[in-house]
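So this block is start17.txt, compact mmCIF, C-alpha atoms:
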# COMPACT_ATOMS: atom_id res chain seq x y z
CA MET A 1 111.82 75.63 106.07
CA GLU A 2 111.41 77.39 102.71
CA LEU A 3 115.14 77.10 102.06
CA LEU A 4 115.34 73.50 103.26
CA ALA A 5 112.48 72.52 100.92
CA CYS A 6 114.49 73.81 97.95
CA ILE A 7 117.59 71.96 99.15
CA ARG A 8 115.63 68.71 99.31
CA ALA A 9 114.24 69.35 95.83
CA LEU A 10 117.77 69.84 94.44
CA GLN A 11 118.95 66.66 96.14
CA TRP A 12 115.99 64.78 94.65
CA VAL A 13 116.93 66.05 91.18
CA ARG A 14 120.49 64.79 91.60
CA SER A 15 119.34 61.39 92.86
CA ASN A 16 116.79 60.81 90.10
CA SER A 17 118.26 62.42 86.98
CA PRO A 18 119.07 62.24 84.12
CA TRP A 19 115.80 61.86 82.22
CA LEU A 20 115.66 61.18 78.53
CA GLY A 21 114.86 64.36 76.61
CA VAL A 22 115.00 66.60 79.70
CA SER A 23 117.63 69.35 79.58
CA ARG A 24 116.56 71.47 82.54
CA VAL A 25 114.46 71.35 85.69
CA GLN A 26 112.26 74.11 87.05
CA ILE A 27 111.66 74.39 90.80
CA VAL A 28 108.70 76.54 91.81
CA THR A 29 108.75 78.29 95.18
CA ASP A 30 106.48 80.82 96.87
CA SER A 31 109.38 82.10 98.97
CA ARG A 32 110.67 85.55 98.06
CA TYR A 33 113.40 84.98 100.67
CA VAL A 34 114.80 82.08 98.65
CA LYS A 35 114.21 83.41 95.13
CA ASP A 36 115.56 86.91 95.78
CA ASN A 37 118.69 85.71 97.58
CA ILE A 38 119.84 82.93 95.24
CA VAL A 39 121.84 85.44 93.20
CA ARG A 40 123.35 86.93 96.37
CA ALA A 41 124.36 83.70 98.09
CA SER A 42 127.60 83.17 96.14
CA GLY A 43 128.70 86.69 97.07
CA TRP A 44 127.90 86.04 100.72
CA ARG A 45 130.07 82.94 100.65
CA LYS A 46 133.01 84.87 99.15
CA ASN A 47 132.55 87.57 101.80
CA ASP A 48 132.68 85.17 104.77
CA TRP A 49 128.88 85.04 104.92
CA ARG A 50 128.33 88.76 105.25
CA ASN A 51 126.39 91.10 103.01
CA GLN A 52 127.80 94.16 101.23
CA PHE A 53 127.50 96.22 104.40
CA GLY A 54 129.26 93.66 106.60
CA GLU A 55 126.13 92.33 108.30
CA PRO A 56 126.34 88.59 109.09
CA ILE A 57 123.91 86.40 107.16
CA GLU A 58 121.29 84.28 108.90
CA ASN A 59 120.90 80.57 108.00
CA ARG A 60 124.44 80.35 106.65
CA ASP A 61 124.51 76.59 107.25
CA LEU A 62 121.48 76.12 105.01
CA TRP A 63 122.81 78.50 102.35
CA LYS A 64 126.06 76.52 102.26
CA GLU A 65 124.08 73.33 101.73
CA PHE A 66 121.90 75.03 99.12
CA LEU A 67 124.87 76.20 97.04
CA SER A 68 126.48 72.77 97.24
CA SER A 69 123.25 71.02 96.19
CA TYR A 70 122.67 73.57 93.41
CA GLN A 71 126.14 72.99 91.96
CA ARG A 72 125.82 69.20 92.19
CA ALA A 73 122.30 68.90 90.80
CA GLY A 74 123.62 67.26 87.63
CA THR A 75 121.41 69.28 85.30
CA THR A 76 120.41 72.89 84.74
CA VAL A 77 117.97 74.07 87.40
CA HIS A 78 115.92 77.26 87.27
CA PHE A 79 113.91 78.68 90.14
CA GLU A 80 110.60 80.42 89.57
CA TRP A 81 108.60 82.36 92.14
CA THR A 82 104.82 82.12 92.37
CA ALA A 83 102.31 83.35 94.91
CA GLY A 84 101.45 80.60 97.36
CA LYS A 85 98.11 78.78 97.51
CA LYS A 86 96.79 80.46 94.36
CA THR A 87 96.18 77.36 92.22
CA PRO A 88 94.57 73.95 92.89
CA VAL A 89 98.00 72.26 92.79
CA LEU A 90 99.52 74.70 95.29
CA LYS A 91 96.51 74.39 97.57
CA THR A 92 96.92 70.60 97.51
CA ILE A 93 100.60 70.95 98.38
CA ASP A 94 99.78 73.29 101.25
CA ARG A 95 97.26 70.84 102.72
CA ALA A 96 99.71 67.95 102.36
CA ALA A 97 102.47 69.91 104.09
CA LYS A 98 100.22 70.80 107.03
CA VAL A 99 99.10 67.18 107.40
CA ALA A 100 102.72 65.98 107.34
CA ALA A 101 103.71 68.58 109.94
CA LYS A 102 101.01 67.38 112.32
CA ARG A 103 101.81 63.73 111.68
CA GLY A 104 105.52 64.08 112.44
CA GLY A 105 108.08 61.43 111.60
CA GLN A 106 111.62 60.21 112.08
CA ASP A 107 113.31 63.23 110.50
CA ILE A 108 114.30 65.79 113.11
CA ASP A 109 115.61 69.25 112.34
CA ARG A 110 118.83 69.10 114.35
CA GLY A 111 119.62 72.69 113.47
CA PHE A 112 116.74 74.14 115.49
CA ARG A 113 117.70 75.67 118.80
CA PRO A 114 114.73 75.78 121.16
CA GLY A 115 114.24 78.82 123.33
CA ILE A 116 111.74 81.27 124.70
CA VAL A 117 109.19 82.36 122.12
CA ALA A 118 108.26 86.03 122.15
CA LYS A 119 106.54 88.21 119.58
CA SER A 120 106.81 91.78 118.45
CA LEU A 121 104.13 94.16 119.67
CA VAL A 122 104.33 96.02 116.35
CA LYS A 123 102.85 94.68 113.12
CA GLY A 124 105.16 94.09 110.19
CA THR A 125 108.65 92.73 109.55
CA ALA A 126 111.61 94.00 111.56
CA THR A 127 113.65 96.53 109.60
CA ARG A 128 117.24 97.71 109.97
CA PHE A 129 117.52 100.24 112.81
CA PRO A 130 118.66 103.67 111.52
CA ALA A 131 121.67 103.95 113.80
CA ASN A 132 123.35 107.36 114.08
CA GLY A 133 125.01 107.17 117.49
CA GLN A 134 121.75 107.81 119.34
CA MET A 135 120.26 106.31 122.48
CA ALA A 136 116.86 104.61 122.33
CA VAL A 137 114.57 102.51 124.49
CA ILE A 138 114.07 99.02 123.10
CA ARG A 139 112.17 95.87 124.07
CA PRO A 140 113.98 92.78 122.66
CA TYR A 141 111.79 89.89 121.55
CA LYS A 142 114.16 87.64 119.59
CA LYS A 143 117.90 86.94 119.48
CA THR A 144 119.70 84.86 116.87
CA LEU A 145 123.32 83.76 117.19
CA LEU A 146 125.15 84.24 113.88
CA GLY A 147 128.40 82.36 113.74
CA LYS A 148 130.35 82.66 117.00
CA SER A 149 130.86 86.39 117.28
CA GLU A 150 127.51 88.16 116.92
CA ASN A 151 123.84 88.12 117.76
CA LYS A 152 121.09 89.60 115.64
CA VAL A 153 118.67 91.24 118.06
CA ARG A 154 115.10 92.02 117.04
CA PHE A 155 113.31 94.56 119.19
CA ASP A 156 110.43 96.99 119.40
CA VAL A 157 111.33 100.67 119.73
CA PHE A 158 109.52 102.40 122.59
CA SER A 159 108.72 106.12 122.55
CA GLU A 160 108.76 107.58 126.05
CA ASP A 161 107.05 110.70 124.76
CA SER A 162 103.96 108.91 123.44
CA GLY A 163 104.18 105.83 125.67
CA THR A 164 103.80 103.52 122.66
CA TYR A 165 105.89 101.19 120.54
CA THR A 166 106.66 102.84 117.22
CA GLU A 167 108.42 100.20 115.08
CA SER A 168 110.04 96.79 115.00
CA CYS A 169 113.75 96.82 114.15
CA TYR A 170 116.93 94.78 114.31
CA ALA A 171 120.56 95.49 115.14
CA PHE A 172 123.61 93.43 116.05
CA ALA A 173 125.41 92.93 119.35
CA ALA A 174 128.38 91.06 120.76
CA PRO A 175 127.41 87.83 122.57
CA ALA A 176 128.26 89.16 126.03
CA LEU A 177 126.11 92.25 125.55
CA ALA A 178 123.29 90.33 123.89
CA ALA A 179 123.19 87.98 126.87
CA GLU A 180 122.22 90.96 129.05
CA LEU A 181 119.31 91.88 126.79
CA HIS A 182 116.48 89.73 128.09
CA ARG A 183 113.36 89.20 126.05
CA GLN A 184 110.33 91.30 126.93
CA HIS A 185 112.38 93.66 129.12
CA GLY A 186 112.94 97.32 128.35
CA TYR A 187 116.41 98.87 127.99
CA ARG A 188 117.91 102.21 127.15
CA VAL A 189 120.81 101.42 124.84
CA ARG A 190 123.35 103.30 122.77
CA PHE A 191 123.90 102.47 119.10
CA ASP A 192 126.88 103.03 116.84
CA ASP A 193 126.65 105.40 113.90
CA THR A 194 126.64 102.88 111.04
CA SER A 195 123.15 102.93 109.52
CA ASN A 196 123.83 100.05 107.11
CA TYR A 197 125.20 97.82 109.88
CA PRO A 198 123.58 98.94 113.15
CA GLN A 199 125.14 97.69 116.37
CA ILE A 200 124.12 98.00 120.00
CA MET A 201 127.24 99.27 121.76
CA GLU A 202 126.13 99.77 125.35
CA ILE A 203 123.26 99.15 127.76
CA ILE A 204 122.67 102.36 129.70
CA GLU A 205 119.91 101.17 132.03
CA GLU A 206 116.85 98.96 132.29
CA VAL A 207 113.58 100.80 131.68
CA ALA A 208 110.02 99.83 132.59
CA THR A 209 108.05 99.28 129.38
CA PRO A 210 104.49 97.98 128.87
CA ASN A 211 103.83 94.40 127.77
CA ARG A 212 101.10 95.44 125.38
CA VAL A 213 100.77 97.89 122.51
CA ASN A 214 98.74 100.51 124.34
CA PRO A 215 99.62 100.94 128.03
Translate this structure into structure tokens?
Amino acid sequence: MELLACIRALQWVRSNSPWLGVSRVQIVTDSRYVKDNIVRASGWRKNDWRNQFGEPIENRDLWKEFLSSYQRAGTTVHFEWTAGKKTPVLKTIDRAAKVAAKRGGQDIDRGFRPGIVAKSLVKGTATRFPANGQMAVIRPYKKTLLGKSENKVRFDVFSEDSGTYTESCYAFAAPALAAELHRQHGYRVRFDDTSNYPQIMEIIEEVATPNRVNP
């Protein structure tokens, strides 16, 4: 949604410019995801929508649309990051967005793929799994299809020694293997040895894991 908001802003600029005496437009966003990756997006496109380590990029359809809208804006556009909901104007925007979300409308996000919703049992954002050819027990909670050849699998890592979940991570898997990794089930899996592009190579066995943080 953060990325789509910036796309719509760029499209609005193209539709309504030029303005007399205006040489550039500034778009303000509170999304670090958007601001930090604008400079990387062109490189992703040249690299078949993969990062420098070969990992496939999420939301490639929206990044394609963003780059196209950015290039066709018709005027110079700069993006500035600001912390969200920290000023009266931003608070007003936040309230308006929440009201609009509840109200609904004719516009439907056709790109959304509904599915089972599950959450991590570990606080914090999922980080890249430090793969070194090891086996580990994981509890998948989200799978995202990237292109046609890979799934990004987010999972909690379970320690059999302590009986607790230790961290939330992600790795990649072929579609056939990812289809066997059911959400909220425990599995012992084997990873490859590429720490910058971790991949789940094999499911060894299903393992009983708790459905809460502390068993």
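Checking A:Arg40, A:Lys119, A:Arg212, A:Lys91 one by one against A:Lys142, counting all atoms listed in the file, you find the shortest gap at A:Lys119.
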### Message
List the spatial neighbours of stretch 71-73 of chain A as a PyMOL selection string - criterion: any atom at most 12 Å away, only C-alpha atoms, same-chain residues fewer than 6 positions off excluded.
### Response
chain A and resi 6-18+24-27+42+64-65
### Query
From the list A:Leu145, A:Asp156, A:Pro140, A:Ile93, which residue is nearest A:Glu180 when using only C-alpha atoms?
A:Pro140
Do a neighbour search on A:Gly84 at 8 Å with only C-alpha atoms, toss out local chain neighbours closer than 2 positions, and write the hits as a CSV table (one decimal) with C-alpha atoms, keeping the file's coordinate frame.
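Output file out_18.csv follows:
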chain,number,residue,atom,x,y,z
A,29,THR,CA,108.8,78.3,95.2
A,30,ASP,CA,106.5,80.8,96.9
A,82,THR,CA,104.8,82.1,92.4
A,86,LYS,CA,96.8,80.5,94.4
A,90,LEU,CA,99.5,74.7,95.3
A,91,LYS,CA,96.5,74.4,97.6
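Taking atom CA of A:Tyr170 and atom CA of A:Asn37 as endpoints, the distance between them is 19.1 Å.
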### 10 Å contact set for A:Arg183, only C-alpha atoms, chain neighbours under 6 positions out, as an MDAnalysis selection string
chainID A and resid 116:119 139:143 153:155
### Task
Compute the distance from (119.3, 104.1, 123.3) to each atom, counting all atoms listed in the file, keep the residues with any atom at most 7 Å away, and return them as a PyMOL selection string; use the coordinates of the file.
chain A and resi 134-137+188-191
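Distance check against A:Arg128 using all atoms listed in the file: of A:Val89, A:Asp94, A:Glu55, A:Ala101, the minimum falls on A:Glu55.
Here atom CA of A:Ala126 and atom CA of A:Trp81 stand 22.8 Å from one another.
Nearest to A:Asn151 of all the residues A:Asn211, A:Thr92, A:Gln52, A:Gln199 is A:Gln199, based on all atoms listed in the file.
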